[in-house]
>>> print(open('coords01.txt').read())   # compact mmCIF, C-alpha atoms
# COMPACT_ATOMS: atom_id res chain seq x y z
CA MET A 1 23.28 15.58 -2.40
CA GLY A 2 22.10 13.33 0.43
CA ASP A 3 22.58 9.62 0.96
CA VAL A 4 20.66 6.93 -0.96
CA ARG A 5 20.25 3.31 0.10
CA VAL A 6 17.72 0.49 0.11
CA LEU A 7 15.50 0.55 3.18
CA SER A 8 15.54 -2.19 5.79
CA ARG A 9 13.17 -3.33 8.54
CA ALA A 10 14.72 -0.84 10.94
CA ASP A 11 13.53 2.01 8.71
CA GLN A 12 9.84 1.07 8.79
CA PRO A 13 8.81 3.62 11.48
CA ASP A 14 10.32 6.43 9.41
CA VAL A 15 8.62 5.11 6.28
CA LEU A 16 5.25 5.11 8.03
CA ARG A 17 5.93 8.63 9.30
CA LEU A 18 6.47 9.90 5.75
CA LEU A 19 3.44 8.07 4.40
CA GLN A 20 1.21 9.63 7.06
CA LEU A 21 2.12 13.13 5.87
CA ARG A 22 -0.26 12.60 2.92
CA PRO A 23 -2.49 9.66 3.87
CA VAL A 24 -4.83 9.96 0.88
CA ASP A 25 -2.12 10.50 -1.75
CA ASN A 26 0.05 7.71 -0.32
CA ILE A 27 -2.69 5.13 0.26
CA ILE A 28 -1.41 2.54 -2.25
CA ILE A 29 2.09 2.34 -0.77
CA SER A 30 0.77 2.71 2.80
CA SER A 31 -1.49 -0.28 2.27
CA LYS A 32 1.36 -2.44 1.00
CA VAL A 33 3.81 -1.40 3.73
CA ARG A 34 1.27 -2.04 6.50
CA GLN A 35 0.59 -5.50 5.10
CA CYS A 36 4.09 -6.54 4.02
CA GLY A 37 6.67 -4.28 5.67
CA VAL A 38 9.49 -2.61 3.74
CA GLU A 39 11.73 -5.51 2.72
CA ARG A 40 11.83 -6.93 -0.81
CA ALA A 41 11.25 -10.51 0.38
CA TRP A 42 7.73 -9.61 1.48
CA LEU A 43 6.93 -6.42 -0.42
CA GLY A 44 8.08 -7.68 -3.81
CA ASN A 45 10.34 -4.75 -4.64
CA ASP A 46 12.88 -2.44 -3.02
CA LEU A 47 12.08 0.80 -1.25
CA VAL A 48 14.96 3.19 -1.83
CA GLY A 49 15.41 5.93 0.76
CA TYR A 50 16.93 9.40 0.53
CA TRP A 51 18.55 10.83 3.68
CA GLU A 52 19.61 14.37 4.54
CA ASP A 53 21.55 15.01 7.78
CA GLY A 54 20.77 11.49 8.95
CA GLN A 55 16.98 11.80 8.49
CA LEU A 56 14.87 9.95 5.94
CA VAL A 57 13.10 12.67 3.95
CA SER A 58 11.93 10.80 0.82
CA PHE A 59 11.77 7.31 -0.64
CA LEU A 60 10.99 5.54 -3.90
CA SER A 61 9.04 2.35 -4.44
CA ASP A 62 11.31 0.78 -7.05
CA GLY A 63 9.48 -2.04 -8.80
CA PHE A 64 7.57 -2.65 -12.02
CA SER A 65 6.09 0.76 -11.23
CA LEU A 66 8.17 3.66 -9.91
CA HIS A 67 6.40 5.58 -7.16
CA PRO A 68 8.20 8.45 -5.38
CA ILE A 69 6.96 9.41 -1.90
CA ASN A 70 7.46 12.88 -0.38
CA ALA A 71 10.18 13.36 -2.98
CA THR A 72 12.11 16.62 -2.78
CA PRO A 73 13.87 17.95 -5.89
CA ALA A 74 17.19 16.71 -4.51
CA ALA A 75 15.70 13.26 -3.88
CA LEU A 76 14.34 13.12 -7.43
CA ASP A 77 17.81 13.99 -8.74
CA ALA A 78 19.30 11.13 -6.72
CA PHE A 79 16.61 8.61 -7.68
CA SER A 80 16.92 9.41 -11.38
CA LEU A 81 20.65 8.72 -11.33
CA ARG A 82 19.98 5.34 -9.76
CA LEU A 83 17.30 4.51 -12.36
CA GLU A 84 19.03 5.77 -15.49
CA HIS A 85 19.80 2.36 -17.01
CA ARG A 86 16.60 0.44 -16.25
CA ARG A 87 13.02 0.34 -17.51
CA CYS A 88 9.62 0.16 -15.85
CA GLY A 89 5.95 -0.31 -16.62
CA SER A 90 4.85 3.04 -15.24
CA ILE A 91 5.79 6.06 -13.15
CA LEU A 92 3.09 7.32 -10.82
CA GLY A 93 2.49 9.41 -7.74
CA VAL A 94 1.74 12.97 -6.68
CA ARG A 95 1.77 15.00 -9.90
CA ASP A 96 4.85 17.14 -9.29
CA GLU A 97 6.86 14.18 -8.02
CA ALA A 98 5.91 11.71 -10.77
CA MET A 99 6.35 14.26 -13.55
CA GLY A 100 9.57 15.53 -11.98
CA LEU A 101 11.07 12.05 -11.87
CA TRP A 102 10.05 11.35 -15.47
CA GLN A 103 11.49 14.65 -16.74
CA ARG A 104 14.80 13.97 -15.00
CA LEU A 105 14.98 10.47 -16.48
CA CYS A 106 14.31 11.90 -19.95
CA ASP A 107 17.12 14.41 -19.45
CA LEU A 108 19.51 11.60 -18.53
CA SER A 109 18.49 9.14 -21.26
CA PHE A 110 16.09 10.66 -23.76
CA THR A 111 15.79 7.67 -26.09
CA GLN A 112 15.10 5.29 -23.23
CA TRP A 113 12.49 7.28 -21.29
CA ALA A 114 10.99 9.90 -23.59
CA SER A 115 8.55 7.68 -25.53
CA PRO A 116 5.92 6.43 -23.07
CA ARG A 117 2.74 4.83 -24.32
CA GLU A 118 0.69 7.53 -22.60
CA VAL A 119 1.15 10.44 -20.19
CA ARG A 120 -1.77 11.16 -17.86
CA ASP A 121 -0.47 14.31 -16.25
CA HIS A 122 -3.68 15.57 -14.64
CA GLN A 123 -5.52 13.02 -12.51
CA HIS A 124 -7.85 14.25 -9.78
CA VAL A 125 -7.35 12.69 -6.33
CA MET A 126 -10.76 12.91 -4.67
CA ALA A 127 -12.10 11.98 -1.24
CA ILE A 128 -15.28 12.00 0.81
CA SER A 129 -15.44 11.83 4.62
CA GLY A 130 -19.19 12.07 5.13
CA PRO A 131 -22.36 10.39 3.87
CA PRO A 132 -22.99 10.52 0.12
CA LYS A 133 -25.14 13.34 -1.21
CA VAL A 134 -27.10 10.95 -3.45
CA GLU A 135 -29.48 8.24 -2.34
CA PRO A 136 -27.58 4.90 -2.54
CA ASP A 137 -28.71 2.23 -4.96
CA GLN A 138 -29.86 -0.67 -2.80
CA HIS A 139 -28.90 -3.19 -5.50
CA VAL A 140 -25.17 -2.68 -4.85
CA THR A 141 -23.88 -5.61 -2.83
CA TRP A 142 -20.67 -7.36 -1.84
CA VAL A 143 -19.97 -9.88 -4.61
CA THR A 144 -18.64 -13.35 -3.79
CA THR A 145 -16.67 -15.83 -5.86
CA ARG A 146 -19.93 -17.50 -6.81
CA HIS A 147 -19.97 -14.84 -9.54
CA LEU A 148 -16.23 -14.95 -10.28
CA ASP A 149 -16.58 -15.56 -14.02
CA SER A 150 -18.85 -12.57 -14.60
CA TYR A 151 -16.93 -10.32 -12.21
CA HIS A 152 -13.67 -11.29 -13.89
CA ASP A 153 -15.12 -10.47 -17.32
CA ALA A 154 -16.23 -7.05 -16.05
CA SER A 155 -12.81 -6.46 -14.47
CA VAL A 156 -11.02 -7.30 -17.72
CA ALA A 157 -13.32 -4.93 -19.62
CA MET A 158 -12.63 -2.18 -17.09
CA TYR A 159 -8.86 -2.67 -17.16
CA THR A 160 -8.66 -2.81 -20.95
CA GLU A 161 -10.78 0.31 -21.31
CA GLU A 162 -8.88 2.22 -18.63
CA VAL A 163 -5.26 1.18 -19.29
CA GLY A 164 -5.44 0.45 -23.01
CA VAL A 165 -4.01 -3.07 -22.83
CA THR A 166 -5.45 -6.38 -21.68
CA PRO A 167 -4.45 -7.71 -18.24
CA MET A 168 -4.71 -11.34 -19.37
CA ASP A 169 -1.69 -13.64 -19.26
CA ALA A 170 -1.04 -17.36 -19.67
CA GLN A 171 -0.67 -17.86 -15.91
CA GLY A 172 -4.10 -16.44 -15.09
CA SER A 173 -2.62 -14.03 -12.55
CA TYR A 174 -5.25 -11.34 -13.15
CA ARG A 175 -8.05 -13.80 -12.51
CA ASP A 176 -6.29 -14.80 -9.30
CA HIS A 177 -6.09 -11.12 -8.34
CA VAL A 178 -9.82 -10.64 -8.94
CA ALA A 179 -10.65 -13.77 -6.96
CA SER A 180 -8.47 -12.56 -4.10
CA LEU A 181 -10.38 -9.27 -3.90
CA MET A 182 -13.65 -11.15 -3.80
CA MET A 183 -12.50 -13.60 -1.13
CA LYS A 184 -11.32 -10.69 1.05
CA GLY A 185 -14.72 -9.00 0.81
CA LEU A 186 -13.42 -6.07 -1.22
CA ALA A 187 -15.55 -6.44 -4.37
CA MET A 188 -18.88 -4.66 -4.84
CA GLY A 189 -21.29 -4.77 -7.71
CA VAL A 190 -24.77 -4.94 -9.16
CA LEU A 191 -26.03 -8.23 -10.60
CA ARG A 192 -28.77 -8.55 -13.16
CA ALA A 193 -29.85 -12.01 -14.23
CA GLY A 194 -26.66 -13.33 -12.62
CA LYS A 195 -24.41 -11.01 -14.61
CA VAL A 196 -22.27 -8.19 -13.20
CA VAL A 197 -23.35 -4.87 -14.75
CA PHE A 198 -21.55 -2.56 -12.28
CA LYS A 199 -18.45 -3.11 -10.19
CA ALA A 200 -16.06 -1.33 -7.84
CA ASP A 201 -13.28 -2.61 -5.58
CA ILE A 202 -11.51 -1.50 -2.44
CA VAL A 203 -8.00 -1.57 -3.88
CA ALA A 204 -6.11 -0.21 -0.87
CA SER A 205 -6.67 0.67 2.77
CA ALA A 206 -4.56 2.06 5.59
CA GLY A 207 -5.93 3.13 8.94
CA SER A 208 -9.11 5.14 8.45
CA VAL A 209 -8.65 5.66 4.68
CA CYS A 210 -9.51 3.40 1.75
CA GLN A 211 -9.22 3.82 -2.00
CA ILE A 212 -11.81 2.71 -4.54
CA GLY A 213 -10.68 1.45 -7.93
CA GLY A 214 -11.84 -0.72 -10.78
CA VAL A 215 -15.08 1.23 -11.20
CA TRP A 216 -16.99 0.03 -14.25
CA LEU A 217 -20.54 0.22 -15.61
CA ASP A 218 -21.78 -1.87 -18.50
CA PRO A 219 -21.58 0.41 -21.58
CA ARG A 220 -25.19 -0.44 -22.45
CA MET A 221 -26.29 1.18 -19.17
CA ARG A 222 -24.29 4.38 -19.46
CA GLY A 223 -25.88 7.77 -20.02
CA ARG A 224 -28.96 6.97 -17.92
CA GLY A 225 -27.87 8.67 -14.69
CA LEU A 226 -27.41 5.35 -12.87
CA SER A 227 -23.78 5.63 -11.83
CA ALA A 228 -24.20 8.32 -9.14
CA SER A 229 -26.55 6.24 -7.00
CA MET A 230 -24.38 3.16 -7.47
CA MET A 231 -21.26 5.06 -6.40
CA ALA A 232 -23.20 6.48 -3.47
CA ALA A 233 -23.88 2.91 -2.37
CA VAL A 234 -20.17 2.08 -2.72
CA VAL A 235 -19.33 5.05 -0.48
CA ALA A 236 -21.93 4.05 2.09
CA LYS A 237 -20.62 0.48 2.25
CA CYS A 238 -16.99 1.63 2.52
CA ARG A 239 -17.82 4.10 5.27
CA GLU A 240 -19.06 1.20 7.41
CA ARG A 241 -15.33 0.37 7.71
CA PHE A 242 -13.45 3.58 6.91
CA ALA A 243 -13.88 7.27 7.75
CA THR A 244 -12.52 8.51 4.42
CA VAL A 245 -13.14 7.05 0.97
CA SER A 246 -10.83 8.14 -1.85
CA LEU A 247 -10.26 7.52 -5.54
CA TYR A 248 -8.52 9.10 -8.50
CA VAL A 249 -9.87 9.86 -11.95
CA ASN A 250 -8.43 11.20 -15.20
CA SER A 251 -9.29 14.84 -15.78
CA TYR A 252 -10.50 14.08 -19.31
CA ASN A 253 -13.10 11.60 -18.01
CA LEU A 254 -15.66 14.35 -17.49
CA PRO A 255 -18.70 12.10 -16.92
CA ALA A 256 -16.87 10.28 -14.10
CA VAL A 257 -15.60 13.53 -12.56
CA HIS A 258 -19.14 14.95 -12.62
CA CYS A 259 -20.54 11.75 -11.09
CA TYR A 260 -18.06 11.71 -8.22
CA ARG A 261 -18.63 15.37 -7.44
CA ARG A 262 -22.38 14.80 -7.44
CA VAL A 263 -21.94 11.97 -4.93
CA GLY A 264 -19.95 14.30 -2.65
CA PHE A 265 -16.29 13.70 -3.51
CA SER A 266 -14.03 16.74 -3.58
CA GLU A 267 -10.54 17.13 -5.01
CA VAL A 268 -7.73 16.96 -2.46
CA SER A 269 -4.73 16.90 -4.82
CA GLN A 270 -3.56 15.77 -8.26
CA CYS A 271 -1.52 12.77 -9.32
CA ALA A 272 0.04 11.68 -12.60
CA THR A 273 0.78 8.39 -14.36
CA ILE A 274 3.28 7.79 -17.17
CA LEU A 275 2.58 4.48 -18.89
CA TYR A 276 5.16 2.44 -20.86
>>> encode(input="coords01.txt", output="structure tokens")
Amino acid sequence: MGDVRVLSRADQPDVLRLLQLRPVDNIIISSKVRQCGVERAWLGNDLVGYWEDGQLVSFLSDGFSLHPINATPAALDAFSLRLEHRRCGSILGVRDEAMGLWQRLCDLSFTQWASPREVRDHQHVMAISGPPKVEPDQHVTWVTTRHLDSYHDASVAMYTEEVGVTPMDAQGSYRDHVASLMMKGLAMGVLRAGKVVFKADIVASAGSVCQIGGVWLDPRMRGRGLSASMMAAVVAKCRERFATVSLYVNSYNLPAVHCYRRVGFSEVSQCATILY
């Protein structure tokens, strides 16, 4: 087995090298590392590296969520031993890596790891690098904090529907998160009578790639064929800044998968999420 240790500032070039091997799959961690570096003081959690013959070959984002990057079977073995006696909110990443880490943790401590709230083991990672195939809805616009209350309500509805739990807490941290996206010009939506009825966010970006998340349409407007043109507008706006627009979607969400394919997204890989 190779060597395992927490990464330091000196390791950042090697971290970026690994992340660039799969720029779409690794966009979430790439975005954080480019903004904050690799040290806990700025990133908020450790990055744990795995070395073979003096070369960094894999690493793990070890925080509230566990996210392996370029993880070989040997690296997953080493990471699982390090994680055996802790808990987390989720395990996510490229399907084989996330599922491989979870299975190893279950083997080490079945009672601790084998009862997640939900296992989403087939999530499509999709991307588009050209214009959308559907005419964009001209009502989609960048939404400012003038509409924070309505955008926050829509974001809470999206999160609760998608994750299965509410994001609300006594400190109002989720509202702060939503406001931050809006102030950075990363929030898009459709407003009707001053109320947000469709929303989507740029949740991560690194180089020429961005990832869309938080997509939500008012339930009263679903089933009318509106979402494709709205998503086409999101793609068009994102491609003013980025060459490639990506997202991921659960395989069981067939209406969303169909919508994204209609817009012009194609599958580039699969990821998985284990929720606790």
>>> closest_atom_pairs(input="coords01.txt", of="stretch 111-207 of chain A", to="stretch 16-32 of chain A", cutoff="6 Å", atoms="all atoms listed in the file", output="Markdown table")
| residue | atom | partner | partner_atom | distance |
| --- | --- | --- | --- | --- |
| A:Ala204 | CA | A:Ser31 | CA | 5.6 |
| A:Ser205 | CA | A:Ser31 | CA | 5.3 |
| A:Ala206 | CA | A:Ser31 | CA | 5.1 |
>>> residues_around(input="coords01.txt", residues="A:Asp46", least_positions_apart="6", cutoff="10 Å", atoms="only C-alpha atoms", output="list in words")
Arg5, Val6, Leu7, Ser8, Val38, Glu39, Arg40, Leu60, Ser61, Asp62 and Gly63 of chain A
>>> residues_around(input="coords01.txt", residues="stretch 211-220 of chain A", least_positions_apart="6", cutoff="10 Å", atoms="only C-alpha atoms", output="PyMOL selection string")
chain A and resi 24-25+27-28+31+126-127+154-159+161-162+186-190+196-205+226-227+230-231+234-235+238+242+244-249+256
>>> residues_around(input="coords01.txt", residues="A:Pro136", least_positions_apart="5", cutoff="7 Å", atoms="all atoms listed in the file", output="list in words")
Ser229, Met230, Ala232 and Ala233 of chain A
>>> closest_residue(input="coords01.txt", among="A:Val134, A:Cys271, A:Val4, A:Leu56", to="A:Glu97", atoms="all atoms listed in the file")
A:Cys271
>>> atom_distance(input="coords01.txt", atom1="atom CA of A:Ala228", atom2="atom CA of A:Val263")
6.0 Å
>>> closest_residue(input="coords01.txt", among="A:Gly225, A:Arg261, A:Tyr151, A:Trp42", to="A:Leu181", atoms="only C-alpha atoms")
A:Tyr151
>>> closest_residue(input="coords01.txt", among="A:Thr166, A:Ser180, A:Gln35, A:Ser129", to="A:Val143", atoms="all atoms listed in the file")
A:Ser180
>>> closest_residue(input="coords01.txt", among="A:Ile128, A:Ala74, A:Met1, A:Val48", to="A:Ala236", atoms="all atoms listed in the file")
A:Ile128
>>> atom_distance(input="coords01.txt", atom1="atom CA of A:Glu118", atom2="atom CA of A:Leu275")
5.2 Å
>>> atom_distance(input="coords01.txt", atom1="atom CA of A:Glu84", atom2="atom CA of A:Leu47")
16.6 Å
>>> closest_residue(input="coords01.txt", among="A:His152, A:His177, A:Lys237, A:His147", to="A:Gly194", atoms="only C-alpha atoms")
A:His147
>>> decode(input="coords01.txt", residues="stretch 217-261 of chain A", atoms="N, CA and C atoms", output="PDB file, in the first residue's frame")
ATOM      1  N   LEU A 217     -38.645  23.998 -11.174  1.00  0.00           N
ATOM      2  CA  LEU A 217     -39.796  24.623 -11.830  1.00  0.00           C
ATOM      3  C   LEU A 217     -41.001  24.471 -10.923  1.00  0.00           C
ATOM      4  N   ASP A 218     -41.735  25.539 -10.755  1.00  0.00           N
ATOM      5  CA  ASP A 218     -42.950  25.508  -9.941  1.00  0.00           C
ATOM      6  C   ASP A 218     -43.800  24.302 -10.343  1.00  0.00           C
ATOM      7  N   PRO A 219     -44.170  23.448  -9.381  1.00  0.00           N
ATOM      8  CA  PRO A 219     -44.955  22.247  -9.703  1.00  0.00           C
ATOM      9  C   PRO A 219     -46.219  22.526 -10.506  1.00  0.00           C
ATOM     10  N   ARG A 220     -46.813  23.709 -10.318  1.00  0.00           N
ATOM     11  CA  ARG A 220     -48.039  24.045 -11.042  1.00  0.00           C
ATOM     12  C   ARG A 220     -47.782  24.285 -12.527  1.00  0.00           C
ATOM     13  N   MET A 221     -46.507  24.426 -12.910  1.00  0.00           N
ATOM     14  CA  MET A 221     -46.168  24.693 -14.304  1.00  0.00           C
ATOM     15  C   MET A 221     -45.563  23.476 -15.002  1.00  0.00           C
ATOM     16  N   ARG A 222     -45.446  22.381 -14.281  1.00  0.00           N
ATOM     17  CA  ARG A 222     -44.826  21.195 -14.859  1.00  0.00           C
ATOM     18  C   ARG A 222     -45.795  20.468 -15.794  1.00  0.00           C
ATOM     19  N   GLY A 223     -45.219  19.696 -16.707  1.00  0.00           N
ATOM     20  CA  GLY A 223     -46.022  18.930 -17.641  1.00  0.00           C
ATOM     21  C   GLY A 223     -46.531  19.725 -18.827  1.00  0.00           C
ATOM     22  N   ARG A 224     -46.061  20.952 -19.007  1.00  0.00           N
ATOM     23  CA  ARG A 224     -46.520  21.792 -20.117  1.00  0.00           C
ATOM     24  C   ARG A 224     -45.452  21.960 -21.205  1.00  0.00           C
ATOM     25  N   GLY A 225     -44.311  21.303 -21.035  1.00  0.00           N
ATOM     26  CA  GLY A 225     -43.247  21.440 -22.025  1.00  0.00           C
ATOM     27  C   GLY A 225     -42.474  22.739 -21.931  1.00  0.00           C
ATOM     28  N   LEU A 226     -42.489  23.374 -20.762  1.00  0.00           N
ATOM     29  CA  LEU A 226     -41.832  24.676 -20.597  1.00  0.00           C
ATOM     30  C   LEU A 226     -40.360  24.559 -20.226  1.00  0.00           C
ATOM     31  N   SER A 227     -39.990  23.464 -19.590  1.00  0.00           N
ATOM     32  CA  SER A 227     -38.656  23.392 -18.988  1.00  0.00           C
ATOM     33  C   SER A 227     -37.538  23.361 -20.024  1.00  0.00           C
ATOM     34  N   ALA A 228     -37.762  22.762 -21.196  1.00  0.00           N
ATOM     35  CA  ALA A 228     -36.696  22.655 -22.192  1.00  0.00           C
ATOM     36  C   ALA A 228     -36.237  24.036 -22.663  1.00  0.00           C
ATOM     37  N   SER A 229     -37.168  24.904 -22.971  1.00  0.00           N
ATOM     38  CA  SER A 229     -36.790  26.234 -23.443  1.00  0.00           C
ATOM     39  C   SER A 229     -36.148  27.059 -22.334  1.00  0.00           C
ATOM     40  N   MET A 230     -36.578  26.845 -21.100  1.00  0.00           N
ATOM     41  CA  MET A 230     -35.960  27.546 -19.979  1.00  0.00           C
ATOM     42  C   MET A 230     -34.529  27.060 -19.763  1.00  0.00           C
ATOM     43  N   MET A 231     -34.320  25.741 -19.824  1.00  0.00           N
ATOM     44  CA  MET A 231     -32.965  25.214 -19.686  1.00  0.00           C
ATOM     45  C   MET A 231     -32.090  25.628 -20.870  1.00  0.00           C
ATOM     46  N   ALA A 232     -32.675  25.733 -22.041  1.00  0.00           N
ATOM     47  CA  ALA A 232     -31.916  26.213 -23.194  1.00  0.00           C
ATOM     48  C   ALA A 232     -31.407  27.629 -22.945  1.00  0.00           C
ATOM     49  N   ALA A 233     -32.233  28.443 -22.311  1.00  0.00           N
ATOM     50  CA  ALA A 233     -31.813  29.810 -21.984  1.00  0.00           C
ATOM     51  C   ALA A 233     -30.691  29.800 -20.949  1.00  0.00           C
ATOM     52  N   VAL A 234     -30.779  28.884 -19.975  1.00  0.00           N
ATOM     53  CA  VAL A 234     -29.713  28.755 -18.981  1.00  0.00           C
ATOM     54  C   VAL A 234     -28.398  28.400 -19.669  1.00  0.00           C
ATOM     55  N   VAL A 235     -28.451  27.444 -20.599  1.00  0.00           N
ATOM     56  CA  VAL A 235     -27.249  27.052 -21.339  1.00  0.00           C
ATOM     57  C   VAL A 235     -26.684  28.237 -22.116  1.00  0.00           C
ATOM     58  N   ALA A 236     -27.547  28.955 -22.812  1.00  0.00           N
ATOM     59  CA  ALA A 236     -27.097  30.084 -23.612  1.00  0.00           C
ATOM     60  C   ALA A 236     -26.418  31.145 -22.748  1.00  0.00           C
ATOM     61  N   LYS A 237     -26.990  31.417 -21.578  1.00  0.00           N
ATOM     62  CA  LYS A 237     -26.395  32.423 -20.692  1.00  0.00           C
ATOM     63  C   LYS A 237     -25.059  31.932 -20.139  1.00  0.00           C
ATOM     64  N   CYS A 238     -24.984  30.659 -19.768  1.00  0.00           N
ATOM     65  CA  CYS A 238     -23.733  30.119 -19.239  1.00  0.00           C
ATOM     66  C   CYS A 238     -22.640  30.105 -20.305  1.00  0.00           C
ATOM     67  N   ARG A 239     -23.013  29.832 -21.547  1.00  0.00           N
ATOM     68  CA  ARG A 239     -22.008  29.740 -22.600  1.00  0.00           C
ATOM     69  C   ARG A 239     -21.481  31.113 -23.014  1.00  0.00           C
ATOM     70  N   GLU A 240     -22.049  32.184 -22.490  1.00  0.00           N
ATOM     71  CA  GLU A 240     -21.437  33.505 -22.652  1.00  0.00           C
ATOM     72  C   GLU A 240     -20.148  33.608 -21.834  1.00  0.00           C
ATOM     73  N   ARG A 241     -20.014  32.726 -20.823  1.00  0.00           N
ATOM     74  CA  ARG A 241     -18.838  32.735 -19.940  1.00  0.00           C
ATOM     75  C   ARG A 241     -18.004  31.471 -20.047  1.00  0.00           C
ATOM     76  N   PHE A 242     -18.636  30.345 -20.378  1.00  0.00           N
ATOM     77  CA  PHE A 242     -17.954  29.047 -20.326  1.00  0.00           C
ATOM     78  C   PHE A 242     -18.199  28.277 -21.618  1.00  0.00           C
ATOM     79  N   ALA A 243     -17.191  27.493 -22.025  1.00  0.00           N
ATOM     80  CA  ALA A 243     -17.316  26.692 -23.243  1.00  0.00           C
ATOM     81  C   ALA A 243     -18.185  25.465 -23.027  1.00  0.00           C
ATOM     82  N   THR A 244     -18.111  24.883 -21.831  1.00  0.00           N
ATOM     83  CA  THR A 244     -18.840  23.649 -21.531  1.00  0.00           C
ATOM     84  C   THR A 244     -19.731  23.858 -20.320  1.00  0.00           C
ATOM     85  N   VAL A 245     -20.980  23.441 -20.443  1.00  0.00           N
ATOM     86  CA  VAL A 245     -21.959  23.527 -19.357  1.00  0.00           C
ATOM     87  C   VAL A 245     -22.312  22.099 -18.958  1.00  0.00           C
ATOM     88  N   SER A 246     -22.221  21.797 -17.669  1.00  0.00           N
ATOM     89  CA  SER A 246     -22.480  20.438 -17.201  1.00  0.00           C
ATOM     90  C   SER A 246     -23.534  20.436 -16.103  1.00  0.00           C
ATOM     91  N   LEU A 247     -24.013  19.249 -15.796  1.00  0.00           N
ATOM     92  CA  LEU A 247     -24.936  19.036 -14.681  1.00  0.00           C
ATOM     93  C   LEU A 247     -24.983  17.535 -14.414  1.00  0.00           C
ATOM     94  N   TYR A 248     -25.624  17.152 -13.303  1.00  0.00           N
ATOM     95  CA  TYR A 248     -25.898  15.732 -13.110  1.00  0.00           C
ATOM     96  C   TYR A 248     -27.349  15.569 -12.675  1.00  0.00           C
ATOM     97  N   VAL A 249     -27.895  14.399 -12.994  1.00  0.00           N
ATOM     98  CA  VAL A 249     -29.312  14.161 -12.753  1.00  0.00           C
ATOM     99  C   VAL A 249     -29.508  12.701 -12.406  1.00  0.00           C
ATOM    100  N   ASN A 250     -30.410  12.429 -11.470  1.00  0.00           N
ATOM    101  CA  ASN A 250     -30.713  11.052 -11.084  1.00  0.00           C
ATOM    102  C   ASN A 250     -31.352  10.302 -12.239  1.00  0.00           C
ATOM    103  N   SER A 251     -30.935   9.064 -12.430  1.00  0.00           N
ATOM    104  CA  SER A 251     -31.430   8.275 -13.565  1.00  0.00           C
ATOM    105  C   SER A 251     -32.936   8.055 -13.497  1.00  0.00           C
ATOM    106  N   TYR A 252     -33.506   8.043 -12.275  1.00  0.00           N
ATOM    107  CA  TYR A 252     -34.941   7.805 -12.148  1.00  0.00           C
ATOM    108  C   TYR A 252     -35.772   9.039 -12.466  1.00  0.00           C
ATOM    109  N   ASN A 253     -35.129  10.210 -12.593  1.00  0.00           N
ATOM    110  CA  ASN A 253     -35.855  11.436 -12.910  1.00  0.00           C
ATOM    111  C   ASN A 253     -35.988  11.544 -14.429  1.00  0.00           C
ATOM    112  N   LEU A 254     -36.829  10.690 -14.984  1.00  0.00           N
ATOM    113  CA  LEU A 254     -36.922  10.569 -16.436  1.00  0.00           C
ATOM    114  C   LEU A 254     -37.363  11.859 -17.134  1.00  0.00           C
ATOM    115  N   PRO A 255     -38.305  12.632 -16.585  1.00  0.00           N
ATOM    116  CA  PRO A 255     -38.659  13.885 -17.262  1.00  0.00           C
ATOM    117  C   PRO A 255     -37.467  14.842 -17.382  1.00  0.00           C
ATOM    118  N   ALA A 256     -36.639  14.932 -16.322  1.00  0.00           N
ATOM    119  CA  ALA A 256     -35.480  15.814 -16.371  1.00  0.00           C
ATOM    120  C   ALA A 256     -34.446  15.295 -17.363  1.00  0.00           C
ATOM    121  N   VAL A 257     -34.197  13.983 -17.348  1.00  0.00           N
ATOM    122  CA  VAL A 257     -33.236  13.397 -18.292  1.00  0.00           C
ATOM    123  C   VAL A 257     -33.674  13.683 -19.724  1.00  0.00           C
ATOM    124  N   HIS A 258     -34.956  13.478 -20.008  1.00  0.00           N
ATOM    125  CA  HIS A 258     -35.489  13.736 -21.351  1.00  0.00           C
ATOM    126  C   HIS A 258     -35.333  15.210 -21.715  1.00  0.00           C
ATOM    127  N   CYS A 259     -35.626  16.091 -20.781  1.00  0.00           N
ATOM    128  CA  CYS A 259     -35.506  17.532 -21.024  1.00  0.00           C
ATOM    129  C   CYS A 259     -34.072  17.903 -21.381  1.00  0.00           C
ATOM    130  N   TYR A 260     -33.114  17.435 -20.598  1.00  0.00           N
ATOM    131  CA  TYR A 260     -31.722  17.805 -20.836  1.00  0.00           C
ATOM    132  C   TYR A 260     -31.227  17.269 -22.180  1.00  0.00           C
ATOM    133  N   ARG A 261     -31.625  16.055 -22.512  1.00  0.00           N
ATOM    134  CA  ARG A 261     -31.226  15.502 -23.801  1.00  0.00           C
ATOM    135  C   ARG A 261     -31.841  16.299 -24.958  1.00  0.00           C
TER     136      ARG A 261
END
